[in-house]
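Participant: Dropping the structure in here first, questions after.
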Amino acid sequence: MEVGKIVKVSGPLIVAEGMRESKMYDVVQVSEKRLIGEIIELRGDRASIQVYEETSGLGPGENVYSTGAPLSVELAPGLIEGIYDGIQRPLSRLKEMSGDRIERGVYAPAVDHEKKWEFVPTARVGDPVEGGSVLGTVQENELILHKIMVPVGVEGTVKEVKKGAFTVDETIAVISTASGDKPVCMLQKWAVRKGRPYAEKSAPSSPLVTGQRVIDTLFPIAKGGVAAVPGPFGSGKTVVQHQLAKWADADIIVYVGCGERGNEMTDVLNEFPRLVDPRSGQPLMKRTVLIANTSDMPVAAREASIYTGITIAEYFRDMGYSVAIMADSTSRWAEALREMSGRLEEMPGEEGYPAYLSSRLAEFYERAGCVKVLGQPNVNGSITAIGAVSPAGGDLSEPVSQATLRIVKVFWGLSASLAYKRHFPAVDWLTSYSLYADRLKEWYSDNVGDEWITLRADCMRILQEEAQLNEIVRLVGMDALSPANRLTMETAKSIREDYLHQNAFHEVDTYTSLKKQLAMLTLILEFDRLAKEALDKNVDIEDILALDVREKIGRAKYIPESELDKLDELIAEEKREMLALMNEGGEL
């Protein structure tokens with residue numbers, strides 16, 4: 001083990017000499033306290049090291065021990081339901097060891113190395129295998145079947161495979177390779193800054209259904225897609241992320257609280273075990289991995305937390321699962337990059353961010369996607385990456401927002417004015433966009449109905465017409481509008497308040513299936529169509545707007561999923577009321 005000496009301490013950055021044999025991104029242990037650090041710059045025999053723990057009390061002359069290995073995560077049964085810090089230390093275990101405040105130098109393995117898991121082999125002796133091939137399975141919990149895969153880079157035939165209860169360190173199979181026999185256990189390690197390989201990447205073809213109407217209807221994201229949620233303070237970024245983590249139809253959720261406020265992470269940690277997955281009836285935590293790196297934790301670990309999360313996501317993707325990773329927020333991750341870059345005395349880019357900000361963001365988001373996995377013919381997995389962006393003062397022209405927008409294909413722009421009006425989710429339908437909408441048309445037609453595409457287009461058209469008419473209303477008032485334009489304004493209001501507005505804390509309204517979304521949208525736009533017919537027959541606009549069914553349309557969002565036939569009854573009721581109105585007051 002190479003031993004260097006500290007020559008400089010600058011916050012979380014230390015410089016050590018005598019490190020000539022070290023490599024970039026090697027993990028080191030700093031001082032006799034064995035603080036964890038990572039080499040981020042090499043100049044001659046001097047190494048600049050970012051330390052993932054508090055460096056107060058360190059001084060020149062103390063030893064630095066190189067491990068010769070990069071920062072890696074442990075991948076094995078026991079990950080699901082885990083709560084980790086930015087470098088995959090288990091927080092619940094650390095609390096047992098050191099109390100509520102994590103002491104420096106405390107270490108615990110990410111997964112339990114003593115617990116025995118029941119391994120059921122699926123491979124047989126003599127089977128040819130390669131990296132990614134499945135040797136057997138472990139039932140991790142009621143929801144997740146954990147596949148034990150051959151490590152990447154190992155290829156040969158199965159010489160021995162065992163059955164029974166084993167710890168993650170015990171040998172469960174032996175692979176005969178060209179270079180000799182290779183024992184395989186359930187535990188794998190993978191360097192976080194290196195993407196896990198796959199056989200082939202393909203274009204996304206199905207949506208990630210979130211249960212959030214403004215997203216699923218107007219700005220859908222594909223499974224394997226990437227999205228950004230930018231917005232100013234108080235606009236609801238974190239609640240949107242929480243809603244996606246709770247209700248998105250991914251098999252696995254990886255939630256990274258990167259520089260988040262501690263009370264918000266506490267809400268997640270308290271709420272997820274209580275929430276019930278609408279698909280399985282099990283607690284949501286049974287398909288979730290949480291990485292909590294709060295704003296009071298060392299800034300260097302914040303930079304690593306994003307890579308820790310995406311590597312865990314790739315591991316489950318390689319089993320054939322659909323994984324969604326929520327990063328909240330990439331702005332605070334970029335701030336950590338800026339701080340470390342400043343301490344390295346690198347040439348600053350725009351607003352002090354490092355010149356490589358865009359490439360680092362791209363490296364993260366490009367690890368998402370739909371892939372054919374290694375070693376498992378006809379098995380596909382996907383990672384959907386959704387990153388919150390917190391621009392200072394809500395200014396989307398700042399570098400992190402602009403660099404993110406060049407990469408992602410879905411932009412859910414949150415509006416301070418909508419949030420001020422208590423309209424949540426505060427996704428601005430005039431500035432947001434989804435480049436997946438056209439690609440997903442075929443899926444929606446086949447799985448929801450052909451009318452979905454038409455209704456979505458009508459919805460967007462009415463909202464855009466409302467924005468144009470608002471300019472006239474501000475100048476001369478609502479009374480100056482024609483009856484047809486009045487109707488457009490009222491329909492747009494109904495779309496906004498009765499459809500796009502969604503209460504995340506209401507037991508029914510928090511989640512809306514695509515079937516219910518279609519019925520609700522049909523209800524609102526059918527009223528608009530019938531009202532136009534009535535106007536053509538000279539029915540007074542005030543009489544149309546006074547119909548009793550309008551109040552019921554406003555309450556339709558609170559109809560439970562089990563009673564969707566009531567929405568069909570409402571559609572029939574609005575037809576009856578409008579027909580009666582036309583027969584009574586119109587010109588037949």
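Every chain in the structure tokens has a letter given in the order shown (A, B, ...), and although residue numbers restart at 1 in each chain, ligands are simply numbered from 1 in the order shown.
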Just want the 10 Å neighbourhood of Pro109 (chain A), counted on only C-alpha atoms, with same-chain residues fewer than 6 positions away dropped. Output as a ChimeraX atom specification.
Facilitator: /A:73-74,88-90,93-94
Participant: Only N, CA and C atoms, please: the residues just picked out, written as a short mmCIF file (atom, residue, chain, number, x, y, z; two decimals), in the first residue's frame.
Facilitator:
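In the end it all went to result20.cif:
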data_model
loop_
_atom_site.label_atom_id
_atom_site.label_comp_id
_atom_site.auth_asym_id
_atom_site.auth_seq_id
_atom_site.Cartn_x
_atom_site.Cartn_y
_atom_site.Cartn_z
N VAL A 73 -19.21 0.66 -5.67
CA VAL A 73 -20.37 0.31 -4.85
C VAL A 73 -20.48 -1.20 -4.76
N GLU A 74 -21.09 -1.66 -3.69
CA GLU A 74 -21.37 -3.09 -3.52
C GLU A 74 -22.74 -3.39 -4.10
N GLN A 88 -22.44 5.34 -0.46
CA GLN A 88 -23.06 4.04 -0.19
C GLN A 88 -22.72 3.48 1.19
N ARG A 89 -22.62 4.35 2.18
CA ARG A 89 -22.54 3.84 3.55
C ARG A 89 -23.96 3.73 4.08
N PRO A 90 -24.34 2.62 4.70
CA PRO A 90 -25.72 2.43 5.17
C PRO A 90 -26.00 3.31 6.39
N ARG A 93 -27.17 1.62 9.73
CA ARG A 93 -26.07 0.92 10.43
C ARG A 93 -25.13 1.93 11.09
N LEU A 94 -24.86 3.05 10.39
CA LEU A 94 -23.98 4.07 10.97
C LEU A 94 -24.60 4.69 12.21
#
Participant: Extract, using only C-alpha atoms, all DNA, RNA and protein residues at most 9 Å from Gly225 (chain A), discarding same-chain residues fewer than 6 positions from it, and format them as a list in words.
Facilitator: Pro204, Pro207, Leu208, Ala368, Gly369, Cys370, Ser382, Ile383, Thr384, Ala385, Ile386, Val408, Lys409, Val410 and Tyr436 of chain A
Participant: Which residues, written as a PDB file with C-alpha atoms, in the first residue's frame, have at least one atom at most 6 Å from Asp26 (chain A), with only C-alpha atoms counted and residues fewer than 2 positions away on the same chain left out?
Facilitator:
ATOM      1  CA  LYS A  23      -4.092   6.661 -10.487  1.00  0.00           C
ATOM      2  CA  MET A  24      -6.940   9.107 -11.075  1.00  0.00           C
ATOM      3  CA  GLU A  38     -10.750  10.113  -3.881  1.00  0.00           C
ATOM      4  CA  ILE A  39      -7.918  11.360  -6.086  1.00  0.00           C
ATOM      5  CA  GLY A  68      -5.241   1.227  -5.444  1.00  0.00           C
ATOM      6  CA  ALA A  69      -8.948   0.819  -6.326  1.00  0.00           C
ATOM      7  CA  PRO A  70     -11.509   3.324  -7.649  1.00  0.00           C
TER       8      PRO A  70
END
Participant: Give me, please, the distance in Å between CA of Gly381 (chain A) and CA of Arg287 (chain A), quoted to one decimal.
Facilitator: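 Interatomic distance, CA of Gly381 (chain A) to CA of Arg287 (chain A): 15.6 Å.
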Participant: Would you mind writing down, as a ChimeraX atom specification, each residue of region 235-376 of chain A that DSSP on the backbone assigns to strand (DSSP E or B)?
Facilitator: /A:252-260,276,283,288-294,322-328,348,354,369-372
Participant: Next, dump the selected residues to file, keeping only C-alpha atoms, as a JSON list (two decimals), in the first residue's frame.
Facilitator:
[["chain", "number", "residue", "atom", "x", "y", "z"],
["A", 252, "ILE", "CA", -37.33, -0.10, -9.22],
["A", 253, "ILE", "CA", -36.99, 3.46, -7.93],
["A", 254, "VAL", "CA", -33.61, 4.97, -7.04],
["A", 255, "TYR", "CA", -34.11, 8.31, -5.28],
["A", 256, "VAL", "CA", -31.01, 10.49, -4.87],
["A", 257, "GLY", "CA", -31.41, 13.42, -2.48],
["A", 258, "CYS", "CA", -28.37, 15.36, -3.64],
["A", 259, "GLY", "CA", -27.77, 18.34, -1.35],
["A", 260, "GLU", "CA", -31.43, 18.25, -0.31],
["A", 276, "VAL", "CA", -48.79, 1.47, -0.69],
["A", 283, "PRO", "CA", -45.21, -0.75, 0.68],
["A", 288, "THR", "CA", -36.96, 1.60, -3.63],
["A", 289, "VAL", "CA", -33.32, 2.48, -2.92],
["A", 290, "LEU", "CA", -32.74, 5.83, -1.20],
["A", 291, "ILE", "CA", -29.49, 7.80, -1.30],
["A", 292, "ALA", "CA", -29.62, 10.65, 1.17],
["A", 293, "ASN", "CA", -26.90, 13.26, 0.88],
["A", 294, "THR", "CA", -28.34, 16.25, 2.69],
["A", 322, "SER", "CA", -37.39, -0.86, -15.65],
["A", 323, "VAL", "CA", -35.65, 1.58, -13.30],
["A", 324, "ALA", "CA", -36.42, 5.24, -12.63],
["A", 325, "ILE", "CA", -33.76, 7.40, -10.99],
["A", 326, "MET", "CA", -34.73, 10.74, -9.43],
["A", 327, "ALA", "CA", -31.90, 13.21, -8.85],
["A", 328, "ASP", "CA", -32.91, 16.10, -6.59],
["A", 348, "PRO", "CA", -13.48, 28.83, -14.21],
["A", 354, "PRO", "CA", -15.95, 24.32, -14.32],
["A", 369, "GLY", "CA", -31.78, 4.51, -21.92],
["A", 370, "CYS", "CA", -33.42, 1.28, -23.12],
["A", 371, "VAL", "CA", -30.96, -1.56, -23.63],
["A", 372, "LYS", "CA", -30.67, -5.22, -24.48]]
Participant: Quick one: everything within 8 Å of region 463-465 of chain A, counting only C-alpha atoms, minus sequence neighbours fewer than 2 positions away in the same chain. Send it as a ChimeraX atom specification.
Facilitator: /A:429-430,459-461,467-469,488,492
Participant: Would you put the residues from that selection into a file with N, CA, C and O atoms, as a PDB file, in the first residue's frame?
Facilitator:
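Wrote again34.pdb, looks like this:
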ATOM      1  N   TRP A 429     -47.696  24.862 -19.057  1.00  0.00           N
ATOM      2  CA  TRP A 429     -48.022  24.172 -20.313  1.00  0.00           C
ATOM      3  C   TRP A 429     -47.621  24.973 -21.541  1.00  0.00           C
ATOM      4  O   TRP A 429     -47.605  24.450 -22.648  1.00  0.00           O
ATOM      5  N   LEU A 430     -47.282  26.258 -21.365  1.00  0.00           N
ATOM      6  CA  LEU A 430     -46.880  27.089 -22.501  1.00  0.00           C
ATOM      7  C   LEU A 430     -45.376  27.027 -22.771  1.00  0.00           C
ATOM      8  O   LEU A 430     -44.932  27.321 -23.877  1.00  0.00           O
ATOM      9  N   CYS A 459     -56.684  19.701 -26.470  1.00  0.00           N
ATOM     10  CA  CYS A 459     -56.376  20.286 -25.160  1.00  0.00           C
ATOM     11  C   CYS A 459     -55.270  21.343 -25.291  1.00  0.00           C
ATOM     12  O   CYS A 459     -55.405  22.466 -24.782  1.00  0.00           O
ATOM     13  N   MET A 460     -54.185  20.995 -25.977  1.00  0.00           N
ATOM     14  CA  MET A 460     -53.088  21.948 -26.168  1.00  0.00           C
ATOM     15  C   MET A 460     -53.537  23.160 -26.975  1.00  0.00           C
ATOM     16  O   MET A 460     -53.177  24.304 -26.674  1.00  0.00           O
ATOM     17  N   ARG A 461     -54.366  22.938 -28.001  1.00  0.00           N
ATOM     18  CA  ARG A 461     -54.836  24.051 -28.830  1.00  0.00           C
ATOM     19  C   ARG A 461     -55.672  25.037 -28.018  1.00  0.00           C
ATOM     20  O   ARG A 461     -55.478  26.264 -28.111  1.00  0.00           O
ATOM     21  N   ALA A 467     -54.222  31.621 -24.014  1.00  0.00           N
ATOM     22  CA  ALA A 467     -53.108  32.546 -23.786  1.00  0.00           C
ATOM     23  C   ALA A 467     -53.204  33.752 -24.708  1.00  0.00           C
ATOM     24  O   ALA A 467     -52.923  34.889 -24.306  1.00  0.00           O
ATOM     25  N   GLN A 468     -53.637  33.527 -25.954  1.00  0.00           N
ATOM     26  CA  GLN A 468     -53.792  34.639 -26.894  1.00  0.00           C
ATOM     27  C   GLN A 468     -54.978  35.529 -26.511  1.00  0.00           C
ATOM     28  O   GLN A 468     -54.896  36.767 -26.572  1.00  0.00           O
ATOM     29  N   LEU A 469     -56.078  34.889 -26.110  1.00  0.00           N
ATOM     30  CA  LEU A 469     -57.271  35.660 -25.746  1.00  0.00           C
ATOM     31  C   LEU A 469     -57.066  36.457 -24.462  1.00  0.00           C
ATOM     32  O   LEU A 469     -57.703  37.500 -24.265  1.00  0.00           O
ATOM     33  N   THR A 488     -64.275  29.202 -25.299  1.00  0.00           N
ATOM     34  CA  THR A 488     -62.873  28.747 -25.284  1.00  0.00           C
ATOM     35  C   THR A 488     -62.217  29.061 -23.944  1.00  0.00           C
ATOM     36  O   THR A 488     -61.506  28.224 -23.371  1.00  0.00           O
ATOM     37  N   ALA A 492     -60.893  26.263 -21.343  1.00  0.00           N
ATOM     38  CA  ALA A 492     -59.497  26.283 -20.900  1.00  0.00           C
ATOM     39  C   ALA A 492     -59.426  26.337 -19.378  1.00  0.00           C
ATOM     40  O   ALA A 492     -58.577  25.667 -18.760  1.00  0.00           O
TER      41      ALA A 492
END
Participant: From a DSSP pass on the backbone, collect the residues of region 142-346 of chain A flagged as alpha helix (DSSP H) and hand them back as a PyMOL selection string.
Facilitator: chain A and resi 213+237-247+262-271+299-317+330-343
Participant: Under the rule that only C-alpha atoms are counted, which of A:Gly477, A:Ser205, A:Asn538, A:Met149 is the nearest residue to Glu442 (chain A)?
Facilitator: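 Looking at the shortest contact to Glu442 (chain A), the residue is A:Ser205.
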Participant: Mind giving me the straight-line distance from CA of Arg456 (chain A) to CA of Leu218 (chain A) in Å, one decimal?
Facilitator: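 If I compute the distance from CA of Arg456 (chain A) to CA of Leu218 (chain A), I get 6.6 Å.
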Participant: Nearest residue to Glu398 (chain A) out of A:Val427, A:Ala334, A:Ala480, A:Leu545, using only C-alpha atoms?
Facilitator: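 Once distances to Glu398 (chain A) are computed over only C-alpha atoms, the minimum belongs to A:Ala334.
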Participant: With only C-alpha atoms as the basis for distance, which of A:Ala580, A:Leu440, A:Val120, A:Ala419 is at the shortest distance from Trp452 (chain A)?
Facilitator: A:Leu440
Participant: With only C-alpha atoms as the counted atoms, please give the residues lying no more than 12 Å from Leu521 (chain A), apart from itself and same-chain residues fewer than 3 positions off, as number ranges by chain.
Facilitator: A: 213-214, 217-218, 451-460, 491-492, 494-496, 498-500, 512, 514-518, 524-528, 553-554, 556-557, 567-568, 571
Participant: What is the distance, in Å and to one decimal place, between CA of Gln29 (chain A) and CA of Thr67 (chain A)?
Facilitator: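 About the pair CA of Gln29 (chain A) and CA of Thr67 (chain A): they are 7.4 Å apart.
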Participant: Considering only C-alpha atoms, can you say which of A:Lys8, A:Lys115, A:Lys532, A:Arg576 comes closest to Leu547 (chain A)?
Facilitator: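 Closest residue, counting only C-alpha atoms: A:Arg576.
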Participant: I'd like the contact shell of Val240 (chain A) - 12 Å cut-off, only C-alpha atoms, skipping same-chain residues fewer than 5 positions apart - returned as number ranges by chain.
Facilitator: A: 210-215, 228-231, 234-235, 245-248, 326-328, 386-388, 412-414, 424-427, 502-505, 510
Participant: Using only C-alpha atoms, find the one residue out of A:Leu564, A:Asp45, A:Asp540, A:Asp85 that sits nearest to Ala519 (chain A).
Facilitator: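 Among the listed residues, A:Leu564 lies closest to Ala519 (chain A).
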